[in-house]
>>> print(open('work.csv').read())   # CSV, C-alpha atoms
chain,number,residue,atom,x,y,z
U,15,MET,CA,209.1,127.9,47.5
U,16,LYS,CA,206.9,125.1,48.6
U,17,ALA,CA,206.6,121.8,46.6
U,18,LYS,CA,203.0,121.4,47.7
U,19,ILE,CA,200.2,123.1,49.7
U,20,ASN,CA,199.1,121.3,52.9
U,21,MET,CA,195.5,122.2,53.7
U,22,ALA,CA,192.8,121.5,56.3
U,23,VAL,CA,189.1,121.9,55.8
U,24,ALA,CA,186.9,122.3,58.9
U,25,CYS,CA,183.2,122.6,59.6
U,26,GLY,CA,180.9,122.4,62.6
U,27,GLY,CA,180.3,118.6,62.5
U,28,GLY,CA,183.2,117.6,60.2
U,29,ILE,CA,180.6,115.8,58.0
U,30,PHE,CA,178.6,117.4,55.3
U,31,THR,CA,180.1,120.7,54.2
U,32,THR,CA,183.6,119.5,54.9
U,33,THR,CA,183.1,116.5,52.6
U,34,VAL,CA,181.7,118.6,49.8
U,35,VAL,CA,184.1,121.6,50.2
U,36,THR,CA,187.2,119.3,50.4
U,37,ASP,CA,186.1,117.7,47.2
U,38,LYS,CA,185.6,121.0,45.5
U,39,ILE,CA,189.1,122.2,46.6
U,40,LYS,CA,190.7,119.0,45.3
U,41,GLU,CA,189.0,119.7,41.9
U,42,ILE,CA,190.2,123.3,41.9
U,43,LEU,CA,193.8,122.4,42.8
U,44,LYS,CA,194.0,119.5,40.4
U,45,LYS,CA,192.8,121.7,37.5
U,46,GLU,CA,195.5,124.2,38.4
U,47,LYS,CA,198.0,121.4,38.6
U,48,ILE,CA,199.0,122.5,42.2
U,49,PRO,CA,200.3,119.6,44.3
U,50,PHE,CA,198.4,119.3,47.6
U,51,SER,CA,197.4,117.3,50.6
U,52,ILE,CA,194.1,118.0,52.3
U,53,SER,CA,192.5,116.7,55.5
U,54,PRO,CA,189.0,117.1,57.1
U,55,HIS,CA,188.6,118.5,60.6
U,56,LYS,CA,186.1,120.1,63.0
U,57,ILE,CA,186.0,123.8,63.6
U,58,THR,CA,186.8,123.3,67.3
U,59,GLU,CA,190.2,121.9,66.3
U,60,VAL,CA,191.2,125.0,64.3
U,61,PRO,CA,193.2,126.7,67.0
U,62,ASN,CA,195.4,123.7,67.7
U,63,LEU,CA,195.9,122.3,64.2
U,64,GLU,CA,199.6,122.0,63.3
U,65,GLY,CA,201.5,121.6,60.1
U,66,TYR,CA,199.0,123.2,57.7
U,67,ASP,CA,199.7,126.1,55.3
U,68,LEU,CA,196.1,127.1,54.9
U,69,ILE,CA,192.8,126.3,56.7
U,70,VAL,CA,189.4,126.6,55.1
U,71,VAL,CA,186.4,126.7,57.4
U,72,THR,CA,182.7,126.5,56.4
U,73,GLY,CA,181.3,128.3,59.4
U,74,LYS,CA,182.3,131.7,60.8
U,75,THR,CA,184.8,131.4,63.5
U,76,ASN,CA,186.9,134.0,65.4
U,77,ALA,CA,189.4,131.2,66.2
U,78,GLN,CA,192.9,131.7,65.0
U,79,ASN,CA,195.3,129.0,64.3
U,80,LYS,CA,198.0,129.1,66.9
U,81,ALA,CA,200.6,127.7,64.5
U,82,GLY,CA,199.8,130.7,62.2
U,83,ALA,CA,198.0,129.2,59.2
U,84,PRO,CA,195.6,131.7,57.6
U,85,VAL,CA,191.9,130.8,57.9
U,86,MET,CA,189.5,131.4,55.0
U,87,LEU,CA,185.7,131.1,55.1
U,88,GLY,CA,184.9,128.7,52.2
U,89,LEU,CA,181.1,128.3,52.5
U,90,PRO,CA,180.6,129.6,48.9
U,91,LEU,CA,182.1,126.3,47.6
U,92,PHE,CA,179.2,124.6,49.3
U,93,THR,CA,176.3,126.9,48.5
U,94,GLY,CA,177.6,128.0,45.1
U,95,VAL,CA,176.8,131.6,46.1
U,96,GLY,CA,180.0,133.6,45.4
U,97,ALA,CA,181.9,130.4,44.4
U,98,ASP,CA,183.8,132.0,41.5
U,99,LYS,CA,185.0,134.9,43.6
U,100,PHE,CA,186.1,132.5,46.4
U,101,THR,CA,187.9,130.2,44.0
U,102,GLU,CA,189.9,133.2,42.8
U,103,GLU,CA,190.8,134.3,46.3
U,104,LEU,CA,191.7,130.8,47.3
U,105,LEU,CA,194.0,130.4,44.4
U,106,ALA,CA,195.6,133.7,45.0
U,107,GLU,CA,196.2,132.7,48.6
U,108,VAL,CA,197.6,129.3,47.7
U,109,LYS,CA,200.0,130.8,45.1
U,110,ARG,CA,201.1,133.4,47.6
U,111,ILE,CA,201.9,130.7,50.2
U,112,MET,CA,203.6,128.4,47.7
U,113,ALA,CA,205.9,131.2,46.6
U,114,GLU,CA,207.1,131.8,50.2
J,25,MET,CA,179.9,98.4,55.5
J,26,GLU,CA,176.6,99.9,54.5
J,27,ALA,CA,175.6,100.7,50.9
J,28,ILE,CA,176.4,104.0,49.3
J,29,GLY,CA,173.3,106.2,49.3
J,30,LEU,CA,170.9,107.6,51.8
J,31,TYR,CA,167.9,105.7,53.1
J,32,THR,CA,164.5,107.4,53.1
J,33,ASN,CA,160.8,106.5,52.8
J,34,GLN,CA,157.5,108.2,52.5
J,35,THR,CA,157.0,108.6,56.2
J,36,MET,CA,160.0,111.0,56.3
J,37,ILE,CA,159.2,113.1,53.3
J,38,LEU,CA,156.8,115.7,54.4
J,39,THR,CA,154.9,118.6,52.8
J,40,ASP,CA,152.7,121.4,54.2
J,41,VAL,CA,154.5,121.4,57.6
J,42,THR,CA,153.7,124.0,60.1
J,43,ALA,CA,156.3,124.7,62.8
J,44,GLY,CA,156.9,127.6,65.1
J,45,ASN,CA,160.7,127.4,65.2
J,46,ALA,CA,163.8,125.5,64.1
J,47,GLU,CA,163.7,123.1,67.0
J,48,GLU,CA,160.2,122.0,66.2
J,49,VAL,CA,161.1,121.1,62.6
J,50,ILE,CA,164.2,119.2,63.8
J,51,ARG,CA,162.2,117.3,66.4
J,52,LEU,CA,159.5,116.4,63.9
J,53,LEU,CA,161.9,115.0,61.3
J,54,ALA,CA,164.1,113.3,63.9
J,55,GLY,CA,161.0,111.8,65.4
J,56,LYS,CA,160.2,110.2,62.0
J,57,ALA,CA,163.8,108.8,61.8
J,58,MET,CA,163.4,107.4,65.3
J,59,GLU,CA,160.1,105.7,64.4
J,60,ASN,CA,162.0,104.1,61.4
J,61,GLY,CA,164.7,102.8,63.7
J,62,LEU,CA,167.4,104.8,62.0
J,63,ILE,CA,168.7,106.7,65.1
J,64,GLU,CA,169.0,106.5,68.8
J,65,GLU,CA,167.8,109.1,71.3
J,66,GLU,CA,171.4,110.5,71.4
J,67,PHE,CA,171.0,111.8,67.8
J,68,ILE,CA,168.2,114.2,68.8
J,69,THR,CA,170.1,115.7,71.7
J,70,ALA,CA,173.3,116.0,69.6
J,71,VAL,CA,171.7,117.5,66.5
J,72,LEU,CA,169.9,120.1,68.5
J,73,ALA,CA,173.1,121.0,70.4
J,74,ARG,CA,174.9,121.2,67.2
J,75,GLU,CA,172.3,123.5,65.7
J,76,LYS,CA,172.8,125.9,68.6
J,77,GLU,CA,176.6,126.0,68.4
J,78,TYR,CA,177.1,125.4,64.6
J,79,PRO,CA,173.8,126.3,62.9
J,80,THR,CA,173.0,125.0,59.5
J,81,GLY,CA,170.8,127.6,57.8
J,82,LEU,CA,172.0,128.5,54.3
J,83,PRO,CA,171.2,131.6,52.2
J,84,THR,CA,170.6,129.6,49.0
J,85,ALA,CA,168.3,130.9,46.3
J,86,VAL,CA,165.4,129.4,48.3
J,87,PRO,CA,166.7,129.5,51.9
J,88,ILE,CA,167.2,126.1,53.4
J,89,ALA,CA,168.5,124.4,56.6
J,90,ILE,CA,170.4,121.1,56.7
J,91,PRO,CA,170.7,119.9,60.3
J,92,HIS,CA,172.9,116.7,60.3
J,93,ILE,CA,175.2,114.7,62.6
J,94,HIS,CA,176.6,111.3,63.0
J,95,ASP,CA,176.2,110.7,66.7
J,96,GLY,CA,173.5,108.2,67.5
J,97,CYS,CA,172.9,107.5,63.8
J,98,LEU,CA,172.4,103.8,63.0
J,99,LYS,CA,171.9,104.0,59.3
J,100,SER,CA,172.6,106.9,56.9
J,101,PHE,CA,169.4,108.6,55.9
J,102,PHE,CA,167.8,111.8,54.9
J,103,SER,CA,164.4,113.3,55.6
J,104,MET,CA,162.8,116.5,54.6
J,105,ALA,CA,160.0,119.0,55.2
J,106,VAL,CA,158.5,121.6,52.9
J,107,LEU,CA,157.3,124.3,55.3
J,108,LYS,CA,154.0,126.0,55.0
J,109,ASN,CA,155.4,129.2,56.5
J,110,PRO,CA,159.1,130.0,56.7
J,111,VAL,CA,161.0,129.2,59.9
J,112,SER,CA,164.1,131.1,61.1
J,113,PHE,CA,167.4,129.2,61.2
J,114,ARG,CA,170.7,130.8,62.1
J,115,CYS,CA,173.3,130.8,59.4
J,116,MET,CA,176.1,128.4,59.0
J,117,GLY,CA,178.3,131.1,57.5
J,118,ASP,CA,177.5,133.6,60.3
J,119,PRO,CA,175.5,132.5,63.3
J,120,ASP,CA,174.5,136.2,64.0
J,121,GLU,CA,172.4,136.1,60.8
J,122,THR,CA,169.3,134.1,60.1
J,123,VAL,CA,167.6,132.8,57.1
J,124,GLU,CA,163.9,132.2,56.7
J,125,ALA,CA,164.0,128.6,55.6
J,126,LEU,CA,161.3,127.1,53.4
J,127,LEU,CA,162.9,123.7,53.0
J,128,VAL,CA,164.6,121.6,55.8
J,129,PHE,CA,166.7,118.5,55.1
J,130,LEU,CA,167.7,116.4,58.1
J,131,PHE,CA,170.5,114.0,57.6
J,132,GLY,CA,172.1,111.3,59.6
J,133,ILE,CA,175.4,110.1,58.2
J,134,THR,CA,177.3,107.2,59.8
J,135,ASP,CA,180.5,107.5,57.7
J,136,PRO,CA,181.0,110.6,55.6
J,137,SER,CA,184.0,109.2,53.7
J,138,TYR,CA,181.6,106.6,52.3
J,139,GLN,CA,179.0,109.1,51.3
J,140,THR,CA,181.0,111.8,49.4
J,141,ALA,CA,179.2,111.2,46.1
J,142,VAL,CA,175.7,111.5,47.6
J,143,LEU,CA,176.6,114.6,49.7
J,144,LYS,CA,178.0,116.2,46.5
J,145,LYS,CA,174.8,115.3,44.7
J,146,PHE,CA,172.8,117.1,47.4
J,147,SER,CA,175.0,120.1,47.2
J,148,THR,CA,174.2,120.4,43.5
J,149,ILE,CA,170.5,120.4,44.4
J,150,PHE,CA,171.0,123.2,46.9
J,151,GLN,CA,172.9,125.2,44.3
J,152,ASP,CA,170.1,125.0,41.7
J,153,GLU,CA,167.5,127.7,42.1
J,154,GLU,CA,165.1,126.1,39.7
J,155,THR,CA,165.1,122.8,41.6
J,156,LEU,CA,164.7,124.5,45.0
J,157,GLU,CA,161.8,126.6,43.6
J,158,LYS,CA,160.1,123.5,42.3
J,159,LEU,CA,160.6,121.6,45.6
J,160,LYS,CA,159.3,124.4,47.8
J,161,ASN,CA,156.0,124.5,45.9
J,162,VAL,CA,155.2,120.8,46.2
J,163,THR,CA,152.2,120.3,48.4
J,164,ASP,CA,151.7,116.5,47.8
J,165,ALA,CA,154.1,114.3,49.8
J,166,GLU,CA,154.0,111.5,47.3
J,167,GLU,CA,154.9,113.9,44.5
J,168,LEU,CA,157.8,115.2,46.7
J,169,MET,CA,159.1,111.7,47.1
J,170,ASN,CA,158.9,111.2,43.3
J,171,GLN,CA,160.8,114.4,42.7
J,172,MET,CA,163.6,113.4,45.2
J,173,LYS,CA,163.8,110.0,43.5
J,174,GLY,CA,164.3,111.7,40.2
J,175,LEU,CA,166.9,114.1,41.6
J,176,LEU,CA,168.9,111.5,43.6
J,177,ASP,CA,168.5,108.5,41.4
J,178,GLU,CA,170.7,105.6,42.6
J,179,TYR,CA,171.7,107.6,45.7
J,180,LEU,CA,168.3,107.3,47.2
J,181,VAL,CA,167.9,104.0,49.1
J,182,THR,CA,164.3,102.9,49.9
J,183,ASP,CA,162.4,99.8,50.8
>>> encode(input="work.csv", output="structure tokens")
Amino acid sequence: MKAKINMAVACGGGIFTTTVVTDKIKEILKKEKIPFSISPHKITEVPNLEGYDLIVVTGKTNAQNKAGAPVMLGLPLFTGVGADKFTEELLAEVKRIMAE
Amino acid sequence: MEAIGLYTNQTMILTDVTAGNAEEVIRLLAGKAMENGLIEEEFITAVLAREKEYPTGLPTAVPIAIPHIHDGCLKSFFSMAVLKNPVSFRCMGDPDETVEALLVFLFGITDPSYQTAVLKKFSTIFQDEETLEKLKNVTDAEELMNQMKGLLDEYLVTD
């Protein structure tokens, strides 16, 4: 069992979508009362990020995290298209990781 | 520290724009930002390079593109173009796909942590079909400026 989820959010420039998606994820996790920490990054950093339980990216990438954190495509939180479905998937993944 | 909000003015809010491709739209809007002293030359090179590697087309209700970067940006701003004919942009979610964008918003952001609220405000605009439909049909640039003032309220900084 983990006490909190440690997440990274990454987009191409680390500016616009990262800022908005990070904020949305904070709202979702707060609502579910799940303790978290979350940091913005660039997609190019994804392979070498360390110490994260889960990484959400806003652009498609084939990059895998060498430290083994799962990578999810979270663009729906930015465009709103498919946002509910993604929120469900995100929460399922977060709960799975927390239960480890 | 600069104010919260994005600068714009009428010279950067364009309607009825004809462009052959994504680069032309980006160069047009970035050129306006340059004339207004908001960016350095580096911005244009960086934003075009970024669009190639990490494109910014979005399959929203009305397809849009949101090129943006902080390199070479002197003051946070946004500019926009309503296109006469759709222009292909590759998708942020999957660069192998394209959208036929009808609206292009170009942003320069000096410090994103400072602009969280305004970027969120923009994302709500992109998520609202009715708003995008309304914007894409505007043919008068002054009218477009008024619409954006109404949508962004205190987050729009102008002269």
>>> closest_residue(input="work.csv", among="J:Asp40, J:Asp177, J:Glu167, J:Glu75", to="chain U", atoms="only C-alpha atoms")
J:Glu75
>>> residues_around(input="work.csv", residues="U:Val85", least_positions_apart="6", cutoff="8 Å", atoms="only C-alpha atoms", output="MDAnalysis selection string")
chainID U and resid 68:71 78:79
>>> residues_around(input="work.csv", residues="U:Asn76", least_positions_apart="5", cutoff="12 Å", atoms="all atoms listed in the file", output="MDAnalysis selection string")
(chainID U and resid 57:58 60:61 71 84:87) or (chainID J and resid 118:119)
>>> residues_around(input="work.csv", residues="J:Asp95", least_positions_apart="4", cutoff="8 Å", atoms="all atoms listed in the file", output="count of residues only")
4
>>> interface_residues(input="work.csv", of="chain U", to="chain J", cutoff="7 Å", atoms="all atoms listed in the file", output="list of chain:residue names")
U:Gly26, U:Gly27, U:Ile29, U:Phe30, U:Thr33, U:Val34, U:Thr72, U:Gly73, U:Lys74, U:Leu89, U:Phe92, U:Thr93, U:Gly94
>>> atom_distance(input="work.csv", atom1="atom CA of J:Leu159", atom2="atom CA of J:Gln171")
7.8 Å
>>> residues_around(input="work.csv", residues="stretch 154-156 of chain J", least_positions_apart="6", cutoff="9 Å", atoms="all atoms listed in the file", output="PyMOL selection string")
chain J and resi 84-88+127+175
>>> closest_residue(input="work.csv", among="J:Ser103, J:Leu168, J:Gly96, J:Leu38", to="J:Glu64", atoms="all atoms listed in the file")
J:Gly96
>>> atom_distance(input="work.csv", atom1="atom CA of U:Ile19", atom2="atom CA of U:Gly96")
23.2 Å
>>> residues_near_point(input="work.csv", point="(171.5, 103.7, 61.9)", cutoff="7 Å", atoms="only C-alpha atoms", output="PyMOL selection string")
chain J and resi 62-63+97-100
>>> atom_distance(input="work.csv", atom1="atom CA of U:Met112", atom2="atom CA of U:Asp98")
21.1 Å
>>> residues_near_point(input="work.csv", point="(201.3, 118.6, 55.0)", cutoff="10 Å", atoms="only C-alpha atoms", output="list in words")
Lys18, Ile19, Asn20, Met21, Ala22, Phe50, Ser51, Ile52, Ser53, Glu64, Gly65, Tyr66, Asp67 and Leu68 of chain U
>>> write_last_selection(input="work.csv", atoms="C-alpha atoms", output="PDB file, in the coordinates of the input")
ATOM      1  CA  LYS U  18     203.000 121.400  47.700  1.00  0.00           C
ATOM      2  CA  ILE U  19     200.200 123.100  49.700  1.00  0.00           C
ATOM      3  CA  ASN U  20     199.100 121.300  52.900  1.00  0.00           C
ATOM      4  CA  MET U  21     195.500 122.200  53.700  1.00  0.00           C
ATOM      5  CA  ALA U  22     192.800 121.500  56.300  1.00  0.00           C
ATOM      6  CA  PHE U  50     198.400 119.300  47.600  1.00  0.00           C
ATOM      7  CA  SER U  51     197.400 117.300  50.600  1.00  0.00           C
ATOM      8  CA  ILE U  52     194.100 118.000  52.300  1.00  0.00           C
ATOM      9  CA  SER U  53     192.500 116.700  55.500  1.00  0.00           C
ATOM     10  CA  GLU U  64     199.600 122.000  63.300  1.00  0.00           C
ATOM     11  CA  GLY U  65     201.500 121.600  60.100  1.00  0.00           C
ATOM     12  CA  TYR U  66     199.000 123.200  57.700  1.00  0.00           C
ATOM     13  CA  ASP U  67     199.700 126.100  55.300  1.00  0.00           C
ATOM     14  CA  LEU U  68     196.100 127.100  54.900  1.00  0.00           C
TER      15      LEU U  68
END
>>> residues_around(input="work.csv", residues="J:Glu166", least_positions_apart="6", cutoff="12 Å", atoms="only C-alpha atoms", output="VMD selection string")
chain J and resid 33 to 39 172 to 173
>>> decode(input="work.csv", residues="stretch 68-107 of chain U", atoms="N, CA and C atoms", output="compact mmCIF listing (two decimals), in the first residue's frame")
# COMPACT_ATOMS: atom_id res chain seq x y z
N LEU U 68 3.40 7.12 -11.77
CA LEU U 68 2.56 7.19 -12.97
C LEU U 68 2.91 8.47 -13.74
N ILE U 69 2.97 8.34 -15.08
CA ILE U 69 3.29 9.50 -15.91
C ILE U 69 2.14 9.71 -16.90
N VAL U 70 1.61 10.93 -16.96
CA VAL U 70 0.57 11.26 -17.94
C VAL U 70 1.19 12.18 -18.97
N VAL U 71 1.09 11.81 -20.25
CA VAL U 71 1.61 12.66 -21.32
C VAL U 71 0.44 13.23 -22.12
N THR U 72 0.65 14.35 -22.82
CA THR U 72 -0.45 14.94 -23.59
C THR U 72 -0.19 14.83 -25.08
N GLY U 73 0.90 14.19 -25.47
CA GLY U 73 1.14 13.91 -26.87
C GLY U 73 1.59 12.48 -26.99
N LYS U 74 1.28 11.88 -28.15
CA LYS U 74 1.63 10.47 -28.31
C LYS U 74 3.15 10.29 -28.25
N THR U 75 3.57 9.31 -27.51
CA THR U 75 5.00 9.01 -27.47
C THR U 75 5.18 7.51 -27.37
N ASN U 76 6.21 7.01 -28.04
CA ASN U 76 6.51 5.59 -27.90
C ASN U 76 7.51 5.38 -26.78
N ALA U 77 7.93 6.50 -26.19
CA ALA U 77 8.93 6.42 -25.13
C ALA U 77 8.38 5.67 -23.93
N GLN U 78 9.23 4.85 -23.36
CA GLN U 78 8.87 4.16 -22.12
C GLN U 78 9.73 4.73 -21.01
N ASN U 79 9.18 4.68 -19.81
CA ASN U 79 9.94 5.16 -18.66
C ASN U 79 10.88 4.04 -18.20
N LYS U 80 12.18 4.33 -18.22
CA LYS U 80 13.16 3.30 -17.86
C LYS U 80 12.98 2.82 -16.43
N ALA U 81 12.48 3.69 -15.56
CA ALA U 81 12.27 3.30 -14.16
C ALA U 81 10.98 2.49 -14.00
N GLY U 82 10.22 2.33 -15.10
CA GLY U 82 9.07 1.42 -15.07
C GLY U 82 7.72 2.03 -14.76
N ALA U 83 7.63 3.35 -14.67
CA ALA U 83 6.31 3.96 -14.40
C ALA U 83 5.43 3.85 -15.64
N PRO U 84 4.16 3.46 -15.47
CA PRO U 84 3.25 3.41 -16.62
C PRO U 84 3.04 4.81 -17.22
N VAL U 85 2.82 4.86 -18.55
CA VAL U 85 2.62 6.14 -19.24
C VAL U 85 1.21 6.15 -19.84
N MET U 86 0.41 7.17 -19.51
CA MET U 86 -0.96 7.28 -20.05
C MET U 86 -1.08 8.54 -20.90
N LEU U 87 -1.89 8.47 -21.96
CA LEU U 87 -2.11 9.64 -22.81
C LEU U 87 -3.32 10.43 -22.29
N GLY U 88 -3.06 11.59 -21.72
CA GLY U 88 -4.11 12.34 -21.02
C GLY U 88 -4.66 13.54 -21.76
N LEU U 89 -4.52 13.56 -23.09
CA LEU U 89 -5.02 14.71 -23.85
C LEU U 89 -6.53 14.99 -23.64
N PRO U 90 -7.34 13.94 -23.39
CA PRO U 90 -8.77 14.21 -23.18
C PRO U 90 -9.03 15.23 -22.06
N LEU U 91 -8.16 15.30 -21.07
CA LEU U 91 -8.37 16.28 -20.00
C LEU U 91 -8.17 17.69 -20.51
N PHE U 92 -7.47 17.83 -21.63
CA PHE U 92 -7.26 19.16 -22.20
C PHE U 92 -8.36 19.53 -23.18
N THR U 93 -8.71 18.59 -24.06
CA THR U 93 -9.71 18.91 -25.10
C THR U 93 -11.13 18.69 -24.61
N GLY U 94 -11.29 17.90 -23.54
CA GLY U 94 -12.62 17.59 -23.05
C GLY U 94 -13.24 16.41 -23.79
N VAL U 95 -12.68 16.07 -24.97
CA VAL U 95 -13.21 14.95 -25.75
C VAL U 95 -12.76 13.63 -25.10
N GLY U 96 -13.73 12.89 -24.54
CA GLY U 96 -13.39 11.63 -23.87
C GLY U 96 -12.87 11.82 -22.45
N ALA U 97 -13.11 12.99 -21.87
CA ALA U 97 -12.55 13.30 -20.55
C ALA U 97 -13.10 12.39 -19.44
N ASP U 98 -14.39 12.07 -19.50
CA ASP U 98 -14.99 11.23 -18.45
C ASP U 98 -14.37 9.84 -18.47
N LYS U 99 -14.22 9.29 -19.68
CA LYS U 99 -13.65 7.96 -19.82
C LYS U 99 -12.21 7.96 -19.31
N PHE U 100 -11.45 8.99 -19.69
CA PHE U 100 -10.06 9.04 -19.24
C PHE U 100 -9.98 9.16 -17.72
N THR U 101 -10.86 9.97 -17.14
CA THR U 101 -10.86 10.14 -15.68
C THR U 101 -11.06 8.80 -14.98
N GLU U 102 -12.01 8.01 -15.51
CA GLU U 102 -12.25 6.67 -14.94
C GLU U 102 -11.00 5.81 -15.04
N GLU U 103 -10.38 5.80 -16.23
CA GLU U 103 -9.17 4.99 -16.44
C GLU U 103 -8.04 5.44 -15.52
N LEU U 104 -7.92 6.76 -15.39
CA LEU U 104 -6.86 7.31 -14.54
C LEU U 104 -7.05 6.87 -13.10
N LEU U 105 -8.29 7.00 -12.61
CA LEU U 105 -8.56 6.64 -11.22
C LEU U 105 -8.34 5.15 -10.98
N ALA U 106 -8.74 4.32 -11.96
CA ALA U 106 -8.54 2.88 -11.84
C ALA U 106 -7.04 2.57 -11.73
N GLU U 107 -6.26 3.24 -12.57
CA GLU U 107 -4.80 3.02 -12.57
C GLU U 107 -4.18 3.52 -11.26
